[in-house]
Each structure stands twice: as structure tokens, then as C-alpha cells.
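Trainee: Just target03.txt, nothing more (compact mmCIF, C-alpha atoms):
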# COMPACT_ATOMS: atom_id res chain seq x y z
CA MET A 218 99.74 205.54 55.75
CA ASN A 219 101.72 205.43 52.49
CA GLU A 220 99.85 208.46 51.18
CA LEU A 221 100.92 210.68 54.09
CA PRO A 222 103.90 213.02 53.71
CA VAL A 223 105.79 211.14 56.46
CA SER A 224 105.89 207.35 56.79
CA LEU A 225 106.89 204.91 59.51
CA ALA A 226 109.96 204.10 57.40
CA ASP A 227 110.93 207.80 57.48
CA VAL A 228 110.76 207.79 61.27
CA GLN A 229 112.76 204.57 61.49
CA GLU A 230 115.43 206.01 59.19
CA ALA A 231 115.54 209.14 61.33
CA ALA A 232 116.08 206.98 64.41
CA LYS A 233 119.11 205.36 62.78
CA ARG A 234 120.42 208.75 61.61
CA ILE A 235 120.34 210.44 65.02
CA ALA A 236 121.27 207.38 67.11
CA GLY A 237 124.06 208.14 69.56
CA ALA A 238 123.79 211.91 69.13
CA VAL A 239 120.56 212.39 71.12
CA VAL A 240 119.70 210.82 74.46
CA ARG A 241 117.54 207.71 74.43
CA THR A 242 115.48 209.02 77.30
CA PRO A 243 113.85 206.65 79.80
CA CYS A 244 110.18 205.66 79.60
CA LEU A 245 109.13 204.53 83.06
CA LYS A 246 105.88 203.49 84.68
CA SER A 247 104.67 205.79 87.46
CA ASP A 248 102.63 203.91 90.03
CA THR A 249 101.79 207.10 91.93
CA LEU A 250 100.55 209.04 88.90
CA SER A 251 98.66 205.93 87.81
CA ARG A 252 96.83 205.89 91.13
CA ILE A 253 96.04 209.61 90.99
CA VAL A 254 94.55 209.62 87.48
CA GLY A 255 93.01 206.15 87.41
CA ALA A 256 95.03 204.82 84.48
CA ASP A 257 98.31 202.98 83.97
CA VAL A 258 100.80 205.75 83.19
CA TRP A 259 104.23 205.55 81.60
CA VAL A 260 106.30 208.73 81.42
CA LYS A 261 108.77 209.49 78.62
CA PHE A 262 111.30 211.97 80.04
CA GLU A 263 112.28 214.07 77.03
CA ASN A 264 113.24 216.84 79.47
CA LEU A 265 116.41 214.77 80.03
CA GLN A 266 117.77 215.57 76.57
CA TYR A 267 120.95 217.67 76.61
CA THR A 268 118.95 220.80 75.74
CA ALA A 269 116.06 219.58 77.94
CA SER A 270 113.63 219.09 75.05
CA PHE A 271 112.55 216.62 72.35
CA LYS A 272 113.28 219.29 69.71
CA GLU A 273 116.82 217.97 69.27
CA ARG A 274 115.46 214.95 67.44
CA GLY A 275 113.90 216.79 64.52
CA ALA A 276 116.58 219.46 64.41
CA LEU A 277 119.41 216.94 64.11
CA ASN A 278 117.54 214.78 61.59
CA THR A 279 117.14 217.87 59.40
CA LEU A 280 120.67 219.23 59.80
CA LEU A 281 122.21 215.86 58.92
CA GLN A 282 120.40 215.90 55.56
CA LEU A 283 121.68 219.31 54.43
CA THR A 284 124.07 219.45 51.50
CA PRO A 285 127.65 220.68 52.09
CA ASP A 286 126.76 223.99 50.40
CA LYS A 287 123.77 224.57 52.68
CA ARG A 288 125.80 223.72 55.76
CA LYS A 289 128.39 226.28 54.74
CA ARG A 290 125.79 229.03 54.20
CA GLY A 291 124.32 228.44 57.65
CA VAL A 292 120.83 227.92 59.01
CA ILE A 293 118.18 230.13 60.55
CA ALA A 294 115.20 229.18 62.71
CA MET A 295 112.35 230.88 64.55
CA SER A 296 111.45 229.50 67.92
CA ALA A 297 110.11 230.30 71.37
CA GLY A 298 113.06 228.43 72.80
CA ASN A 299 113.28 224.65 72.53
CA HIS A 300 113.63 224.37 68.75
CA ALA A 301 116.12 227.22 69.01
CA GLN A 302 118.26 225.29 71.47
CA GLY A 303 118.05 222.05 69.50
CA VAL A 304 119.12 223.74 66.27
CA ALA A 305 121.81 225.85 67.95
CA TYR A 306 123.32 222.95 69.87
CA HIS A 307 123.54 220.48 67.00
CA ALA A 308 124.50 223.14 64.45
CA GLY A 309 127.36 224.05 66.75
CA ARG A 310 128.40 220.41 67.05
CA LEU A 311 128.36 220.04 63.28
CA GLY A 312 130.12 223.34 62.56
CA ILE A 313 127.09 224.94 60.93
CA PRO A 314 126.54 228.70 61.58
CA ALA A 315 123.12 229.27 63.19
CA THR A 316 120.87 232.30 63.60
CA ILE A 317 117.79 232.07 65.81
CA VAL A 318 114.89 234.54 65.78
CA MET A 319 112.94 234.40 69.05
CA PRO A 320 109.74 236.23 70.09
CA SER A 321 110.20 238.91 72.71
CA PHE A 322 108.27 236.88 75.33
CA THR A 323 110.75 233.97 75.24
CA PRO A 324 111.87 233.08 78.80
CA ASN A 325 115.32 234.37 79.69
CA VAL A 326 116.60 230.87 80.46
CA LYS A 327 115.89 229.77 76.87
CA VAL A 328 117.50 232.87 75.36
CA LYS A 329 120.62 232.41 77.48
CA HIS A 330 121.01 228.72 76.73
CA THR A 331 120.55 229.26 72.99
CA ARG A 332 123.17 231.99 72.97
CA ASP A 333 125.52 229.79 75.01
CA TYR A 334 125.38 227.16 72.24
CA GLY A 335 126.97 229.71 69.91
CA ALA A 336 123.98 230.89 67.90
CA ARG A 337 123.32 234.48 66.88
CA ILE A 338 120.12 235.59 68.65
CA VAL A 339 117.56 238.01 67.21
CA LEU A 340 114.63 238.95 69.49
CA HIS A 341 111.73 240.11 67.35
CA GLY A 342 107.94 240.32 67.56
CA ASP A 343 105.26 239.56 70.13
CA THR A 344 104.19 236.26 68.55
CA LEU A 345 105.83 233.23 66.98
CA ALA A 346 104.30 234.28 63.65
CA GLU A 347 106.02 237.68 63.81
CA ALA A 348 109.32 236.02 64.70
CA GLY A 349 108.81 233.67 61.76
CA ALA A 350 108.27 236.54 59.34
CA GLU A 351 111.52 238.14 60.46
CA ALA A 352 113.36 234.81 60.16
CA HIS A 353 112.13 234.39 56.57
CA ARG A 354 113.22 237.96 55.78
CA LEU A 355 116.71 237.32 57.15
CA ALA A 356 116.92 233.96 55.37
CA ALA A 357 116.26 235.65 52.03
CA ALA A 358 118.54 238.60 52.72
CA GLU A 359 121.50 236.52 53.95
CA HIS A 360 120.95 233.31 51.90
CA LEU A 361 120.44 231.19 55.00
CA VAL A 362 118.67 227.81 55.11
CA PHE A 363 115.39 228.06 57.00
CA VAL A 364 114.81 225.20 59.48
CA HIS A 365 111.12 225.21 60.32
CA PRO A 366 110.21 224.14 63.87
CA TYR A 367 107.37 221.84 62.79
CA ASP A 368 106.18 222.17 59.17
CA ASP A 369 108.85 219.97 57.59
CA PRO A 370 108.74 216.19 56.97
CA ARG A 371 112.35 215.83 58.20
CA ILE A 372 111.49 217.58 61.47
CA ILE A 373 108.33 215.48 61.88
CA ALA A 374 110.17 212.21 61.23
CA GLY A 375 112.80 213.14 63.81
CA GLN A 376 110.22 213.97 66.46
CA GLY A 377 108.45 210.69 65.82
CA THR A 378 111.49 208.78 67.08
CA ALA A 379 110.32 209.56 70.62
CA ALA A 380 107.21 207.43 70.08
CA LEU A 381 109.28 204.61 68.57
CA GLU A 382 111.32 204.47 71.77
CA MET A 383 108.22 204.62 73.97
CA LEU A 384 106.62 201.63 72.31
CA GLN A 385 109.88 199.69 72.35
CA ASP A 386 110.20 200.25 76.10
CA ALA A 387 106.48 199.87 76.94
CA PRO A 388 104.75 197.96 74.12
CA GLU A 389 101.59 197.62 76.22
CA ILE A 390 100.80 201.35 75.85
CA ASP A 391 97.42 201.74 74.12
CA THR A 392 97.02 205.52 74.35
CA LEU A 393 99.60 208.18 73.53
CA VAL A 394 99.18 211.69 74.98
CA VAL A 395 101.26 214.37 73.27
CA PRO A 396 101.44 218.18 73.62
CA VAL A 397 100.44 220.14 70.52
CA GLY A 398 102.03 223.41 69.45
CA GLY A 399 102.62 223.64 65.71
CA GLY A 400 101.95 219.91 65.36
CA GLY A 401 105.39 218.52 64.56
CA LEU A 402 105.71 216.30 67.62
CA ILE A 403 102.23 214.82 67.64
CA SER A 404 102.20 214.20 63.89
CA GLY A 405 105.55 212.40 64.03
CA CYS A 406 104.49 210.39 67.06
CA ALA A 407 101.17 209.53 65.41
CA VAL A 408 102.93 208.22 62.29
CA ALA A 409 105.28 206.09 64.40
CA ALA A 410 102.70 204.83 66.88
CA ARG A 411 99.91 204.07 64.40
CA GLY A 412 102.46 202.49 62.06
CA LEU A 413 103.52 200.08 64.81
CA LYS A 414 100.11 199.67 66.49
CA PRO A 415 97.24 200.64 64.16
CA ASP A 416 94.68 200.53 66.97
CA ILE A 417 96.57 202.79 69.40
CA ARG A 418 94.86 206.03 70.42
CA VAL A 419 96.75 209.25 69.78
CA ILE A 420 95.46 212.23 71.76
CA GLY A 421 96.77 215.76 71.53
CA VAL A 422 96.80 218.38 74.29
CA GLU A 423 96.70 222.15 73.84
CA ALA A 424 96.63 225.10 76.22
CA ALA A 425 93.04 226.38 76.37
CA GLY A 426 94.02 229.77 74.97
CA TYR A 427 95.87 228.23 72.03
CA ALA A 428 93.60 225.39 70.87
CA ALA A 429 94.32 225.92 67.17
CA MET A 430 94.62 222.25 66.25
CA ARG A 431 91.37 221.35 68.00
CA GLN A 432 89.59 224.23 66.25
CA LEU A 433 90.94 223.29 62.83
CA LEU A 434 90.01 219.62 63.21
CA ALA A 435 86.50 220.68 64.26
CA GLY A 436 86.18 223.02 61.27
CA GLU A 437 85.99 226.08 63.50
CA PRO A 438 87.65 229.48 62.99
CA VAL A 439 91.00 229.72 64.77
CA THR A 440 90.89 232.17 67.65
CA VAL A 441 93.84 232.10 70.02
CA GLY A 442 95.61 234.44 72.39
CA GLY A 443 96.31 235.41 75.98
CA ASP A 444 98.98 234.63 78.52
CA THR A 445 100.00 231.03 79.17
CA ILE A 446 102.73 229.29 81.12
CA ALA A 447 102.87 226.76 78.28
CA GLU A 448 104.57 229.16 75.87
CA GLY A 449 106.22 226.24 74.07
CA ILE A 450 102.81 225.27 72.65
CA ALA A 451 101.38 228.79 72.33
CA VAL A 452 101.17 228.53 68.54
CA ARG A 453 98.59 230.13 66.28
CA ASP A 454 99.54 228.59 62.94
CA ILE A 455 99.44 224.81 62.74
CA GLY A 456 101.78 223.47 60.06
CA ARG A 457 100.30 222.32 56.76
CA VAL A 458 102.09 218.95 56.87
CA PRO A 459 101.30 218.21 60.54
CA LEU A 460 97.65 219.12 59.98
CA ALA A 461 97.33 216.67 57.10
CA ILE A 462 98.76 213.92 59.30
CA ALA A 463 96.60 214.95 62.25
CA ARG A 464 93.42 214.74 60.17
CA ALA A 465 94.30 211.17 59.25
CA LEU A 466 95.69 209.78 62.49
CA LEU A 467 94.62 211.74 65.59
CA ASP A 468 91.75 210.52 67.72
CA ARG A 469 91.08 213.83 69.44
CA VAL A 470 92.64 216.97 70.88
CA LEU A 471 91.94 218.12 74.44
CA ALA A 472 92.35 221.57 75.96
CA VAL A 473 93.69 222.25 79.47
CA ASP A 474 93.52 225.40 81.55
CA GLU A 475 96.38 227.23 83.25
CA VAL A 476 95.64 226.09 86.79
CA THR A 477 95.68 222.43 85.73
CA ILE A 478 98.98 222.90 83.91
CA GLU A 479 100.41 224.46 87.08
CA ARG A 480 99.18 221.49 89.10
CA ALA A 481 100.77 219.08 86.62
CA ILE A 482 104.14 220.87 86.86
CA ALA A 483 104.01 220.64 90.65
CA LEU A 484 103.00 216.95 90.60
CA LEU A 485 105.81 215.98 88.23
CA LEU A 486 108.33 217.69 90.50
CA GLU A 487 106.88 216.33 93.72
CA ILE A 488 106.18 212.78 92.54
CA GLU A 489 108.64 212.10 89.71
CA LYS A 490 111.33 214.52 90.95
CA THR A 491 111.53 215.95 87.44
CA VAL A 492 111.25 219.54 86.18
CA ALA A 493 108.75 220.11 83.37
CA GLU A 494 107.95 223.36 81.61
CA GLY A 495 104.31 224.24 80.99
CA ALA A 496 104.21 222.57 77.56
CA GLY A 497 105.99 219.53 78.96
CA ALA A 498 103.39 219.08 81.69
CA ALA A 499 100.40 219.52 79.36
CA GLY A 500 99.95 215.78 78.88
CA LEU A 501 99.63 215.12 82.59
CA ALA A 502 97.31 218.12 82.82
CA ALA A 503 95.03 216.39 80.30
CA LEU A 504 94.86 213.28 82.47
CA LEU A 505 94.00 215.44 85.49
CA ALA A 506 91.38 217.49 83.62
CA HIS A 507 89.75 214.65 81.62
CA PRO A 508 90.13 211.47 83.72
CA GLN A 509 87.09 209.86 82.09
CA VAL A 510 88.89 209.79 78.73
CA PHE A 511 91.77 207.73 80.14
CA ALA A 512 90.14 205.59 82.82
CA GLY A 513 91.59 202.09 82.71
CA ARG A 514 93.83 202.85 79.72
CA LYS A 515 97.58 202.20 79.42
CA VAL A 516 98.80 205.72 78.75
CA GLY A 517 102.13 206.90 77.40
CA LEU A 518 102.79 210.43 78.62
CA LEU A 519 105.42 212.51 76.86
CA VAL A 520 107.10 215.15 79.05
CA SER A 521 108.35 217.14 76.10
CA GLY A 522 110.62 219.66 77.81
CA GLY A 523 111.96 221.07 81.06
CA ASN A 524 113.09 224.59 80.17
CA ILE A 525 111.23 226.72 82.69
CA ASP A 526 112.30 229.98 84.29
CA THR A 527 113.28 229.29 87.92
CA ARG A 528 111.34 232.29 89.21
CA LEU A 529 108.19 231.06 87.45
CA LEU A 530 108.74 227.54 88.78
CA ALA A 531 109.06 228.87 92.34
CA SER A 532 105.84 230.85 91.93
CA ILE A 533 103.97 227.82 90.57
CA LEU A 534 105.09 225.64 93.46
CA LEU A 535 104.10 228.20 96.09
CA ARG A 536 100.73 228.79 94.41
CA GLY A 537 100.20 225.04 94.45
CA LEU A 538 100.88 224.87 98.18
CA VAL A 539 98.31 227.62 98.73
CA ARG A 540 95.70 225.82 96.57
CA ASP A 541 96.30 222.57 98.46
CA GLY A 542 95.92 224.30 101.83
CA ARG A 543 99.54 223.61 102.74
CA ILE A 544 100.22 227.32 103.07
CA VAL A 545 97.37 229.30 104.58
CA ARG A 546 96.77 232.83 105.86
CA LEU A 547 94.75 233.16 109.04
CA ARG A 548 93.36 236.49 110.24
CA LEU A 549 92.80 236.75 114.00
CA THR A 550 91.37 239.54 116.11
CA ILE A 551 93.35 239.70 119.36
CA SER A 552 93.60 242.03 122.35
CA ASP A 553 96.40 244.56 122.00
CA LEU A 554 98.13 243.32 125.14
CA PRO A 555 101.59 241.91 125.91
CA GLY A 556 101.92 238.17 125.37
CA GLN A 557 99.03 237.71 122.92
CA LEU A 558 101.28 237.08 119.93
CA ALA A 559 103.28 234.53 121.91
CA ARG A 560 100.04 232.85 122.96
CA VAL A 561 98.88 232.56 119.33
CA ALA A 562 102.26 231.25 118.22
CA GLY A 563 102.22 228.68 120.99
CA LEU A 564 98.77 227.39 120.04
CA ILE A 565 99.70 227.12 116.35
CA GLY A 566 102.94 225.35 117.17
CA LYS A 567 101.22 222.94 119.56
CA ALA A 568 98.72 222.09 116.80
CA GLY A 569 101.59 221.28 114.38
CA GLY A 570 101.56 224.45 112.26
CA ASN A 571 104.72 226.26 111.21
CA ILE A 572 104.50 230.08 111.13
CA VAL A 573 106.28 231.58 108.12
CA ASP A 574 105.06 235.20 108.32
CA VAL A 575 103.24 237.50 110.76
CA GLN A 576 101.69 240.96 110.19
CA HIS A 577 99.99 243.19 112.77
CA GLN A 578 97.22 245.62 111.74
CA ARG A 579 96.38 248.23 114.37
CA LEU A 580 95.39 251.31 112.34
CA PHE A 581 93.21 250.05 109.50
CA GLY A 582 90.31 247.63 109.14
CA GLY A 583 87.90 249.02 111.73
CA VAL A 584 89.12 247.05 114.77
CA ALA A 585 88.55 248.46 118.25
CA ALA A 586 91.26 250.65 119.76
CA LYS A 587 92.26 247.96 122.25
CA SER A 588 92.32 245.24 119.61
CA THR A 589 94.51 244.40 116.64
CA GLU A 590 94.22 242.22 113.59
CA LEU A 591 96.92 239.61 113.18
CA ASP A 592 97.59 237.97 109.80
CA VAL A 593 99.54 234.74 110.24
CA THR A 594 100.86 232.75 107.27
CA VAL A 595 101.17 229.14 108.33
CA GLU A 596 102.61 226.01 106.73
CA THR A 597 100.26 223.06 107.27
CA ARG A 598 99.92 219.42 106.29
CA ASP A 599 96.66 219.79 104.33
CA ARG A 600 93.18 221.32 104.48
CA PRO A 601 91.94 219.12 107.37
CA HIS A 602 94.98 220.30 109.32
CA VAL A 603 93.92 223.91 108.61
CA ARG A 604 90.56 223.17 110.19
CA GLU A 605 92.33 221.71 113.24
CA LEU A 606 94.40 224.88 113.62
CA VAL A 607 91.33 227.10 113.39
CA ALA A 608 89.48 224.97 115.95
CA ALA A 609 92.42 225.08 118.34
CA LEU A 610 92.59 228.89 118.15
CA GLU A 611 88.83 229.35 118.44
CA SER A 612 88.69 227.09 121.46
CA GLU A 613 90.94 229.61 123.22
CA GLY A 614 88.62 232.50 122.43
CA PHE A 615 90.23 233.91 119.26
CA ARG A 616 88.13 234.94 116.29
CA VAL A 617 89.74 233.36 113.21
CA ARG A 618 89.10 233.77 109.49
CA VAL A 619 90.83 231.84 106.71
CA LEU A 620 91.66 234.41 104.04
CA PRO A 621 90.05 233.65 100.65
CA ASP A 622 93.25 233.20 98.64
CA ALA A 623 93.92 230.01 100.59
CA GLU A 624 90.52 228.48 100.01
CA GLY A 625 91.12 227.45 96.37
Represent the supplied structure as C-alpha cells.

Mentor:
Amino acid sequence: MNELPVSLADVQEAAKRIAGAVVRTPCLKSDTLSRIVGADVWVKFENLQYTASFKERGALNTLLQLTPDKRKRGVIAMSAGNHAQGVAYHAGRLGIPATIVMPSFTPNVKVKHTRDYGARIVLHGDTLAEAGAEAHRLAAAEHLVFVHPYDDPRIIAGQGTAALEMLQDAPEIDTLVVPVGGGGLISGCAVAARGLKPDIRVIGVEAAGYAAMRQLLAGEPVTVGGDTIAEGIAVRDIGRVPLAIARALLDRVLAVDEVTIERAIALLLEIEKTVAEGAGAAGLAALLAHPQVFAGRKVGLLVSGGNIDTRLLASILLRGLVRDGRIVRLRLTISDLPGQLARVAGLIGKAGGNIVDVQHQRLFGGVAAKSTELDVTVETRDRPHVRELVAALESEGFRVRVLPDAEG
């Protein structure tokens, strides 16, 4: 531990340094999530920070250690959003000018919030690496202090304070599950957790398309790319310092797919009544995707952030309802006669379904001239309820087909 670039003492000093200026977020046991995944689960709600992300911890720990001259010159950072907001918010509080370079794909909500904290925003590049190159160029040209989002011992020590708090609030935790982007959070948490409990397991989680840490630890070439709703951990270049710590302290890194991340976002909202962005829900996604790894364990789950575009969140929730069979599209062939639509609606209502949309199809699809196809979108309780609705309609002579997009 002493040979690593960040020590437990560094994390403990960071905790003292930032105390009172960041939220000591709750770490609570979730009986419902525990039942679903087959493990005892505690949730650390870092999405309840003022900027809705753990990134404040490392940003503030770094800013507080700048010399007066560096504070006066101002700072610059590259970020897909959460580091940007953490730096911008605390730089504004401390009177330090801040410039943030953000990739062009950064969600609008993160751009707006960062600008609202008083930072100068530069949108540049299609990847975090391209944004980073521009940030370094501006730093050199304008003599600004570069605040790296993860490859800095001060940042790492600050992020590790989240794990200190988790183990203070729930000392029985024996497995820590942490999202992995550039590696700053998991390396800091690993230093803190293994420093306090040498036998604790530390497991990282990456989006399947951006499994750079897993590939590096396995000695494989790094190949990443593609769209992901977990843009906060869509990182190609793992930091040199985090990687050194990860090699020493991590047990393993798991990958999770997009559908499982969507399911985790929906579960956190439905069960814990908390909003998580894709990266923030990655830990729960790992428990859903790899239950055998966590069976019977006492798991600390870090919800790292809650900055998600509201339109995307709405889409994820609706897609989840469709996958669960709670919104279904039924296609019926009915006689093109008065009263048939009312008859269908009556049967669905009697069976407990709630119609949310209806579309007639008379001209296309090859139906007979005296028939029509009727697409009915129905809100249901679950998949067994869908089967009850279909049976009720078929018993009255209607031909019914559940459209494929509702069959998971």
C-alpha cells in the first residue's frame, strides 16, 4: 500500500480537507434490491451531491491545494459533464476562473448546468480524448492550470472519500462495486477500502463497449467505441495512476450491456425513488447481469451520479415498461362494422387493461374488404396479465397477435 501513488492517509486527509463543503451522502441498505439480486445491498447515493455526482470530491480536494498564483491564473478541465460541474461549481465558490472543454456528445443538461455555475464552456471533439487534447492546447496557450478528471493523485484521493464514508456507515460491507471510466473513482475507493479492510473485494464495472480497464488488466489490446447511455464512463484512455492502483488492488472488472443498464436505471427510480444516470446505475447493472459473483455477499453499491437528460430518462422508463410487458401492443382483426371498437374496448377494460392508443388499418396489410386491423396499445400489470387479455379477446372470437416489440 505504501508503494502506491495514493495512500489511505491521503484519502483521510482529503476527507478532512473537503469536510463541510461536499455532502456526506447517505449509505442505506435496500431490502428490495437485496431480494432481487440475492445479496445484501447497501446503496451510496452520490447522486445527491449538489452537482449530482461524486466528482465534486476530487475536484474540491485538488482546487484547495492550488497555490494562490495558480488560483489567480484559473483552471481548465476536460469532461463529459460531471467532472466539469464539480470543477465549475467549486471553482466558482472559491473565486477561481474555470474553463471546461466538453465533447460534442455531452448531454444538454450537463452543458447547461456547467455553464450555470459560471464556467466558460468549449464544445470540442467527438471523444473525451479529443476534448482533452483541446483542453491541453488551451491550457498552454492561456497559462491555465489543467485539472485532470482522473489521472491525478489529488483527484483520486478525493474520490476515495466516498468509500471511507460507506465503510463508516456500513462496516459489514465485504464487496465494493464501483463504476469505471478513467479509473479515478475506483482507484480511490480501492485505496480507502483495502486500507481499512484488506480482505474486502473491490469490483469495477464498465459499459460493454468501453471495457478499457478490463482489457488492460487482462493484457488485451484496447478496443472501444459505439453508443452508450453510460457516457460518464465511456472512456478510452485509462489513467496511468489509476491503472497502477487497479493492478494492485482490484479483484476484477465486469462489463454490462446497454439493456441491463437501462433496467438498472428504471429499478433505482422505481424502488429507491432516485434518479441515476447510466454510469451511476452501472453497479446495479453488474449485480443484475452477474448475480453469481455477488450471491450471499454484503455489497456496497455506489450510485455515482444522477445527471441524465429527461428525454432519455423518459425513453428508458417507457422501454422498460414494454420489456416487462406492462405496455403491450395487440393487433386484432375485426369486422368493419359499427360497434366493434367499443366491443374491443369493453373487453379490454373488463379484463383490467387500460387503452393508451388505438390505430385502425383498413387499406394496407392484406385484410379483407369487410375487415380491418386494429392496433391497440394497452397498459397492463405484467406478462401474465397480457395473456389474460389475449384470452379474453379470443374467447369472443377476435384474432389477436401480440406485436414482437412487446415480447422482450

Trainee: Give me, as a ChimeraX atom specification, all polymer residues having an atom no more than 12 Å from A:Gln509, counting only C-alpha atoms and skipping those fewer than 5 positions away in the same chain.

Mentor: /A:254-256,503-504,514

Trainee: Here is a test: counting all atoms listed in the file, which residue of A:Val408, A:Asp599, A:Val223, A:Gln266 is nearest to A:Gly237?

Mentor: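 So, comparing all the options, the nearest one is A:Gln266.
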
Trainee: For A:Pro243, which of A:Leu564, A:Leu518, A:Val476, A:Leu225 is the closest residue, counting all atoms listed in the file?

Mentor: A:Leu518

Trainee: Quote the spacing between atom CA of A:His330 and atom CA of A:Gly303 in Å to one decimal place.

Mentor: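 Atom-to-atom, atom CA of A:His330 and atom CA of A:Gly303 are spaced 10.3 Å apart.
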
Trainee: At what distance in Å, to one decimal, does atom CA of A:Gly542 lie from atom CA of A:Pro601?

Mentor: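 Separation between atom CA of A:Pro601 and atom CA of A:Gly542: 8.6 Å.
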
Trainee: When you look at A:Arg288 with a cut-off of 12 Å (counting all atoms listed in the file), what residues show up, excluding the ones that are within fewer than 6 positions of it in the same chain? I need them as number ranges by chain.

Mentor: A: 279-282, 307-309, 311-315, 360-364

Trainee: For A:Ala425, which of A:Val573, A:Ala348, A:Val452, A:Ala357 is the closest residue, counting all atoms listed in the file?

Mentor: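 Distance minimum relative to A:Ala425 lands on A:Val452.
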
Trainee: Interatomic distance between atom CA of A:Gly399 and atom CA of A:Gly456?

Mentor: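 Going from atom CA of A:Gly399 over to atom CA of A:Gly456, I get 5.7 Å.
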
Trainee: Would you list the residues near (119.4, 212.1, 76.4), meaning any protein, DNA or RNA residue with an atom at most 12 Å from that point in file coordinates, counting all atoms listed in the file, as a PyMOL selection string?

Mentor: chain A and resi 235-244+261-274+379+522

Trainee: With distances taken over only C-alpha atoms, which of A:Lys414, A:Arg337, A:Arg354, A:Arg457 is nearest to A:Gly400?

Mentor: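 Checking each of A:Lys414, A:Arg337, A:Arg354, A:Arg457 against A:Gly400, counting only C-alpha atoms, the winner is A:Arg457.
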
Trainee: Out of A:Val473, A:Val545, A:Ala506, A:Val575, which residue has the shortest atom-to-atom distance to A:Leu558 when counting only C-alpha atoms?

Mentor: A:Val575

Trainee: Nearest residue to A:Lys515 out of A:Asp553, A:Glu596, A:Glu389, A:Asp343, using only C-alpha atoms?

Mentor: A:Glu389

Trainee: Within 6 Å of A:Asp592, counting all atoms listed in the file, which residues qualify if same-chain residues fewer than 6 places away don't, as a list in words?

Mentor: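 So, after excluding close chain neighbours, the residues are Leu547, Arg548, Val575 and Gln576 of chain A.
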
Trainee: May I have the protein, DNA and RNA residues with an atom at most 6 Å from (94.2, 221.0, 114.9), counting all atoms listed in the file in the file's coordinates, returned as a PyMOL selection string?

Mentor: chain A and resi 568+602+605-606+609

Trainee: Write out as a compact mmCIF listing (two decimals) with C-alpha atoms, keeping the file's coordinate frame the residues lying within 10 Å of A:Glu230, counting all atoms listed in the file and excluding same-chain residues fewer than 3 positions away.

Mentor:
# COMPACT_ATOMS: atom_id res chain seq x y z
CA SER A 224 105.89 207.35 56.79
CA LEU A 225 106.89 204.91 59.51
CA ALA A 226 109.96 204.10 57.40
CA ASP A 227 110.93 207.80 57.48
CA LYS A 233 119.11 205.36 62.78
CA ARG A 234 120.42 208.75 61.61
CA ILE A 235 120.34 210.44 65.02
CA ALA A 236 121.27 207.38 67.11
CA ASN A 278 117.54 214.78 61.59
CA ALA A 374 110.17 212.21 61.23
CA GLY A 375 112.80 213.14 63.81
CA THR A 378 111.49 208.78 67.08

Trainee: Write out as a list of chain:residue names each polymer residue whose atoms come within 9 Å of A:Thr445, counting all atoms listed in the file; drop sequence neighbours fewer than 5 positions from it.

Mentor: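 Returned residues: A:Ala424, A:Ala425, A:Gly426, A:Tyr427, A:Ala451, A:Asp474, A:Glu475, A:Gly495.
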
Trainee: Please report, as JSON, the centre and edge lengths in Å to one decimal of an axis-aligned box covering all listed atoms of stretch 484-494 of chain A with 6 Å per side.

Mentor:
{"center_x": 107.3, "center_y": 217.7, "center_z": 87.7, "size_x": 20.5, "size_y": 23.3, "size_z": 24.1}
